[in-house]
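Data block below; observations after.
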Amino acid sequence: MSSPAQKQAQRAWRQLHADAGQALVLAQGAAARAANDDDPVGAAWAQLVLGFHRLYFAAPSTAAEVLQEARRQFEATDERGGEILACAGHARALWRLGRVQQAMALLLPLRDEGLRLLAPEQRGVLLNAIAGCWSAQGDSAQAFAYMYQALRDVGPRQGHGFDTALYCNLSHELIELGDRDEALRQVELGLERMQGLRNGRLLTVLLVNRTICLTEMGRAAEALADVRRLAEAEPDPSGRGLVPMHFEAQAICALQAGDLPLADRLLARCAPPQLPDEHIERAMAEALRLHLHGQTAAALQHLDSVAPQLRAEGDARPSLRMRCEHARLRANLFEAAGDAVSALAALRDWQRLTAERARLASRARQQAAMLQTELLQMQKRLEENEARRLAAEQARAELAELNAALSRKIAEVEALQGRLQELATQDALTGLANRRHLNETLPAVLALAQRDGTPLAVVVIDLDHFTRVNDTHGHPVGDQLLAAFGLLLRDHLRRSDLAFRYGGEEFCLLMPHTPAADAQAKVQGLLAAWRAQRFALEGGSELIGQSFSAGVTDSLLSPGSPSGLLRAADQLLLLAKRAQRGSVLIPGTLPD
């Protein structure tokens with residue numbers, strides 16, 4: 001049974017996001033009570049809440065010290081769940097100090113154990129901390145996936161306001177991915193949930209994210225009211241008031257809206273930059289201010305002063321969004337200076353980075369679906385084990401109620417999984433990308449090959465006599481062959497090659513910088529490897545000597561549209577199957 005100090009500390013934990021000031025008072029009271037009662041578990045929980053409060057409303061270095069002490073106290077009392085939460089908070093403090101790799105090394109090994117031990121709202125804290133590490137590394141796809149899963153676990157009822165923090169973080173990642181409209185929607189959802197909450201930091205971050213969205217959408221004037229409100233904020237140790245922060249982003253908004261005096265006041269309040277993004281954003285704000293004061297050449301020099309940081313790697317690498325915005329501002333300043341050549345070069349950098357952002361957004365959707373499936377399987381196993389344990393302890397009526405709740409939860413997860421998997425681009429059986437992804441990828445890959453004047457080989461493969469295999473041995477054996485062929489392609493192709501399940505027993509390969517003849521030789525090697533495969537069947541027999549037919553062309557031999565390239569390869573495949581199965585044809589050749 002929980003002690004009075006522990007109960008008070010856990011009430012404080014639940015108030016951290018709903019009423020930060022009340023959480024602080026409760027945690028301090030719990031710490032005093034635990035000291036009087038010689039209660040190490042209650043003291044550890046109070047220390048945990050105090051550490052998270054400092055994490056949200058004080059310097060990360062001081063929060064790291066308090067959370068490290070909480071970790072030691074939990075470890076001494078064998079409170080593993082509390083220890084994992086303290087590690088999650090400590091990791092957040094580390095990446096806010098720029099020590100991202102150290103934070104990730106601390107946190108990732110705890111994921112599966114934490115998901116097994118922690119309650120739903122506590123799991124959300126762990127998943128959000130992991131998401132923060134990925135975000136700090138610039139991997140928005142992973143960050144978005146973990147945040148979305150955390151939001152599923154932490155709803156408005158059990159989240160005690162933590163779901164509002166997730167709306168903040170989701171809007172931030174969506175900004176990183178370039179989806180500003182959806183980011184604004186998440187901000188508005190967060191602001192709706194702020195009704196009844198007394199947490200200045202959450203409100204501040206939501207308003208800052210709205211400011212960034214509107215500024216990048218060319219609507220900076222609409223955000224001026226938020227900027228002025230934040231500029232007038234004073235520090236509030238309780239955490240209930242707005243938190244003065246992110247002055248660089250606010251200054252950029254004020255500058256783009258034409259309020260130079262407000263921008264000057266905001267820039268004067270900027271602390272020395274600590275994180276890579278802060279350095280770039282500060283330089284952009286100063287450059288924009290110089291430009292608006294008629295000093296465009298000096299503005300460009302100021303922007304170029306941070307060029308080495310843009311090329312940094314590891315923890316020192318700025319985010320993709322910040323690099324993109326830096327390139328866009330350079331293009332605008334070069335244009336204003338009348339340097340069309342340099343403006344065009346900067347614009348091309350911006351276009352390249354924007355395309356990379358779009359690819360990252362696509363990968364984020366796929367990553368969210370894959371993570372959802374992985375965690376669903378883990379959660380299902382945990383819930384089944386819990387149901388078996390309770391079956392021996394509870395009456396039939398209680399067990400029936402638990403099973404009903406479990407069914408509702410599984411239905412909710414399966415419905416969400418279905419929605420996410422609609423966005424996924426992977427074929428589950430073969431592990432390859434699917435035809436939808438081929439349709440999205442081929443135009444871009446072909447355009448790049450045409451621009452560079454290099455051949456792009458396109459291969460269409462059809463497994464020979466596949467229908468006969470299904471009819472003779474059954475569809476499970478057919479599925480076994482498809483999965484094995486997908487593995488063969490993944491093991492034998494180059495990293496630059498792309499493999500897709502084209503449909504049924506058909507596959508498609510895209511091989512950049514590869515003429516048809518070279519691709520033919522590569523595919524013939526795949527054919528030899530496929531012929532050598534042996535498949536064990538029921539009853540001890542084997543299926544051997546499988547083959548496939550293929551048509552191979554390239555963008556120089558069959559120039560034209562993506563659909564034209566696919567048709568050309570399809571026609572060669574048809575010739576191969578009609579003439580002699582187990583052949584690989586290129587334009588101008590006949591099967592052996």
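We label chains A, B, ... in the order they appear in the structure tokens, count residues from 1 in each chain, and number ligands from 1 in the order shown.
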Problem - Who sits within 10 Å of A:Trp134, only C-alpha atoms, same chain under 3 positions skipped, as a ChimeraX atom specification - result: /A:95,100-101,103-104,128-131,137-144,146
Write the residues of the preceding selection, restricted to C-alpha atoms, as a tab-separated table (two decimals), in the first residue's frame.
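Once written, again34.tsv looks like this:
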chain	number	residue	atom	x	y	z
A	95	TRP	CA	19.45	16.36	-25.19
A	100	VAL	CA	21.83	13.81	-27.80
A	101	GLN	CA	23.85	10.63	-28.35
A	103	ALA	CA	20.53	10.65	-24.08
A	104	MET	CA	19.65	8.10	-26.76
A	128	ASN	CA	7.69	11.25	-25.76
A	129	ALA	CA	11.22	11.33	-24.33
A	130	ILE	CA	12.38	8.86	-27.01
A	131	ALA	CA	10.66	11.02	-29.62
A	137	GLN	CA	18.97	14.03	-33.99
A	138	GLY	CA	16.96	15.44	-36.91
A	139	ASP	CA	15.04	12.21	-37.52
A	140	SER	CA	11.50	13.58	-37.65
A	141	ALA	CA	10.14	10.32	-39.07
A	142	GLN	CA	11.03	8.38	-35.91
A	143	ALA	CA	10.04	11.31	-33.66
A	144	PHE	CA	6.63	11.62	-35.30
A	146	TYR	CA	6.75	7.80	-31.27
Using only C-alpha atoms, which residues sit within 8 Å of A:Ile175 once same-chain residues fewer than 6 positions away are excluded, as a short mmCIF file (atom, residue, chain, number, x, y, z; two decimals) with N, CA and C atoms, in the first residue's frame?
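Result went into result07.cif, see below:
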data_model
loop_
_atom_site.label_atom_id
_atom_site.label_comp_id
_atom_site.auth_asym_id
_atom_site.auth_seq_id
_atom_site.Cartn_x
_atom_site.Cartn_y
_atom_site.Cartn_z
N ALA A 183 0.30 21.21 -38.74
CA ALA A 183 0.90 21.71 -37.50
C ALA A 183 -0.01 22.74 -36.84
N CYS A 213 4.67 28.73 -37.57
CA CYS A 213 3.84 28.29 -38.71
C CYS A 213 3.41 29.49 -39.55
N ARG A 321 14.80 21.67 -41.19
CA ARG A 321 13.96 22.88 -41.34
C ARG A 321 14.82 24.13 -41.28
#
Exercise for the section: For stretch 291-303 of chain A, please output as a PyMOL selection string all residues within 12 Å (counting only C-alpha atoms; exclusion window: fewer than 4 positions along the same chain). Expected result: chain A and resi 252+254-261+263-264+279-287+307-310+323+325-339+342-343+346
Can you write just those residues out, N, CA and C atoms, as a CSV table (one decimal), in the first residue's frame?
chain,number,residue,atom,x,y,z
A,252,ILE,N,12.1,37.0,-35.7
A,252,ILE,CA,11.9,36.8,-37.1
A,252,ILE,C,10.5,37.2,-37.6
A,254,ALA,N,8.4,39.3,-36.0
A,254,ALA,CA,8.3,40.7,-35.9
A,254,ALA,C,8.9,41.4,-37.1
A,255,LEU,N,10.1,40.9,-37.5
A,255,LEU,CA,10.8,41.6,-38.6
A,255,LEU,C,10.0,41.4,-39.9
A,256,GLN,N,9.5,40.2,-40.1
A,256,GLN,CA,8.7,39.9,-41.4
A,256,GLN,C,7.4,40.7,-41.4
A,257,ALA,N,6.9,41.0,-40.2
A,257,ALA,CA,5.6,41.7,-40.1
A,257,ALA,C,5.9,43.2,-40.1
A,258,GLY,N,7.2,43.6,-40.1
A,258,GLY,CA,7.5,45.0,-40.2
A,258,GLY,C,7.6,45.8,-38.9
A,259,ASP,N,7.5,45.1,-37.8
A,259,ASP,CA,7.6,45.8,-36.5
A,259,ASP,C,9.1,45.7,-36.0
A,260,LEU,N,9.9,46.6,-36.5
A,260,LEU,CA,11.3,46.6,-36.2
A,260,LEU,C,11.6,46.9,-34.7
A,261,PRO,N,11.0,47.9,-34.1
A,261,PRO,CA,11.2,48.1,-32.6
A,261,PRO,C,11.0,46.9,-31.8
A,263,ALA,N,11.1,43.8,-32.8
A,263,ALA,CA,12.2,42.8,-33.1
A,263,ALA,C,13.5,43.2,-32.3
A,264,ASP,N,13.8,44.4,-32.3
A,264,ASP,CA,15.0,44.8,-31.6
A,264,ASP,C,14.9,44.5,-30.1
A,279,HIS,N,21.8,28.8,-33.0
A,279,HIS,CA,22.8,29.6,-33.7
A,279,HIS,C,22.3,30.0,-35.1
A,280,ILE,N,21.7,29.1,-35.8
A,280,ILE,CA,21.3,29.4,-37.2
A,280,ILE,C,20.1,30.4,-37.1
A,281,GLU,N,19.2,30.2,-36.2
A,281,GLU,CA,18.0,31.1,-36.1
A,281,GLU,C,18.4,32.5,-35.7
A,282,ARG,N,19.4,32.6,-34.8
A,282,ARG,CA,19.8,33.9,-34.3
A,282,ARG,C,20.5,34.6,-35.5
A,283,ALA,N,21.3,33.9,-36.3
A,283,ALA,CA,22.0,34.5,-37.4
A,283,ALA,C,21.0,35.0,-38.4
A,284,MET,N,19.9,34.2,-38.6
A,284,MET,CA,18.9,34.6,-39.6
A,284,MET,C,18.1,35.9,-39.1
A,285,ALA,N,17.8,35.9,-37.8
A,285,ALA,CA,17.2,37.1,-37.3
A,285,ALA,C,18.0,38.4,-37.5
A,286,GLU,N,19.3,38.2,-37.1
A,286,GLU,CA,20.2,39.4,-37.2
A,286,GLU,C,20.4,39.8,-38.7
A,287,ALA,N,20.5,38.8,-39.6
A,287,ALA,CA,20.6,39.1,-41.0
A,287,ALA,C,19.4,39.8,-41.6
A,307,ALA,N,27.9,29.3,-42.0
A,307,ALA,CA,27.9,28.2,-43.1
A,307,ALA,C,28.6,27.0,-42.5
A,308,PRO,N,29.7,27.1,-41.8
A,308,PRO,CA,30.4,25.8,-41.3
A,308,PRO,C,29.4,25.0,-40.4
A,309,GLN,N,28.6,25.7,-39.6
A,309,GLN,CA,27.7,25.0,-38.7
A,309,GLN,C,26.6,24.2,-39.5
A,310,LEU,N,26.3,24.7,-40.7
A,310,LEU,CA,25.3,24.1,-41.5
A,310,LEU,C,25.8,22.7,-42.1
A,323,ARG,N,18.0,24.5,-41.9
A,323,ARG,CA,18.9,24.6,-43.1
A,323,ARG,C,18.0,25.1,-44.3
A,325,GLU,N,15.2,26.9,-44.2
A,325,GLU,CA,14.9,28.3,-44.0
A,325,GLU,C,16.1,29.2,-44.2
A,326,HIS,N,17.3,28.8,-43.8
A,326,HIS,CA,18.5,29.5,-44.1
A,326,HIS,C,18.7,29.7,-45.6
A,327,ALA,N,18.5,28.6,-46.3
A,327,ALA,CA,18.7,28.7,-47.8
A,327,ALA,C,17.7,29.6,-48.4
A,328,ARG,N,16.5,29.6,-47.9
A,328,ARG,CA,15.4,30.5,-48.5
A,328,ARG,C,15.7,31.9,-48.2
A,329,LEU,N,16.2,32.2,-47.0
A,329,LEU,CA,16.5,33.6,-46.7
A,329,LEU,C,17.7,34.1,-47.6
A,330,ARG,N,18.7,33.2,-47.8
A,330,ARG,CA,19.8,33.6,-48.6
A,330,ARG,C,19.4,34.0,-50.0
A,331,ALA,N,18.5,33.1,-50.6
A,331,ALA,CA,17.9,33.4,-51.9
A,331,ALA,C,17.2,34.7,-52.0
A,332,ASN,N,16.4,35.0,-51.0
A,332,ASN,CA,15.7,36.3,-50.9
A,332,ASN,C,16.7,37.5,-50.8
A,333,LEU,N,17.7,37.3,-50.0
A,333,LEU,CA,18.6,38.4,-49.9
A,333,LEU,C,19.5,38.7,-51.1
A,334,PHE,N,19.9,37.6,-51.7
A,334,PHE,CA,20.6,37.7,-53.0
A,334,PHE,C,19.8,38.4,-54.1
A,335,GLU,N,18.5,38.0,-54.1
A,335,GLU,CA,17.6,38.6,-55.1
A,335,GLU,C,17.4,40.1,-54.8
A,336,ALA,N,17.3,40.5,-53.5
A,336,ALA,CA,17.2,41.9,-53.1
A,336,ALA,C,18.5,42.6,-53.5
A,337,ALA,N,19.6,42.0,-53.4
A,337,ALA,CA,20.9,42.6,-53.7
A,337,ALA,C,21.1,42.7,-55.3
A,338,GLY,N,20.2,42.1,-56.0
A,338,GLY,CA,20.4,42.1,-57.5
A,338,GLY,C,21.3,41.1,-58.0
A,339,ASP,N,21.7,40.1,-57.2
A,339,ASP,CA,22.7,39.0,-57.6
A,339,ASP,C,21.8,37.8,-58.1
A,342,SER,N,23.6,34.2,-57.8
A,342,SER,CA,23.7,33.6,-56.5
A,342,SER,C,22.3,33.3,-55.9
A,343,ALA,N,21.3,34.1,-56.3
A,343,ALA,CA,20.0,33.9,-55.8
A,343,ALA,C,19.5,32.5,-56.3
A,346,ALA,N,21.2,29.7,-54.5
A,346,ALA,CA,20.6,29.5,-53.1
A,346,ALA,C,19.2,28.9,-53.2
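For the residues A:Leu288, A:Ala499, A:Ala576, A:Leu537, ranking by smallest atom-to-atom distance to A:Val552 using only C-alpha atoms places A:Ala576 first.
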Problem - Residues within 12 Å of stretch 4-12 of chain A, only C-alpha atoms, excluding chain neighbours under 2 positions, as number ranges by chain - result: A: 1-2, 14-53, 79, 82, 122, 160
Would you give me, as CSV, each residue of stretch 39-126 of chain A having an atom within 12 Å of an atom of stretch 190-202 of chain A, along with its shortest atom pair and that distance in Å to one decimal, using only C-alpha atoms and sorting by chain and residue number?
residue,atom,partner,partner_atom,distance
A:His53,CA,A:Arg201,CA,10.6
A:Arg54,CA,A:Arg201,CA,11.5
A:Leu55,CA,A:Arg201,CA,10.8
A:Tyr56,CA,A:Arg201,CA,7.0
A:Phe57,CA,A:Arg201,CA,7.2
A:Ala58,CA,A:Arg201,CA,10.7
Problem - Given only C-alpha atoms as the counted atoms, nearest of A:Leu170, A:Leu290, A:Ala150, A:Leu275 to A:Arg317 - result: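 For A:Arg317, the nearest of the given residues is A:Leu275.
Relative to atom CA of A:Phe247, atom CA of A:Glu232 is found at 11.6 Å.
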Exercise for the section: Fewer than 5 positions away in the same chain doesn't count, so skip those; otherwise give me all residues within 9 Å of A:Leu574, counting only C-alpha atoms, as a count of residues only. Expected result: 5
Practice task
Point out the residue among A:Gly178, A:Gly503, A:Gly545, A:Gly114 with the least atom-to-atom distance to A:Arg435, counting only C-alpha atoms.
Solution key: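 Answer, going by the shortest atom-to-atom distance: A:Gly503.
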Problem - Long-range neighbours of A:Val187 as number ranges by chain, 9 Å cut-off, only C-alpha atoms, 6 positions minimum in chain - result: A: 167-168, 170-171, 206-207, 209-210
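The nearest approach to A:Leu390 among the residues A:Leu402, A:Arg80, A:Leu353, A:Pro237, with only C-alpha atoms taken into account, belongs to A:Leu402.
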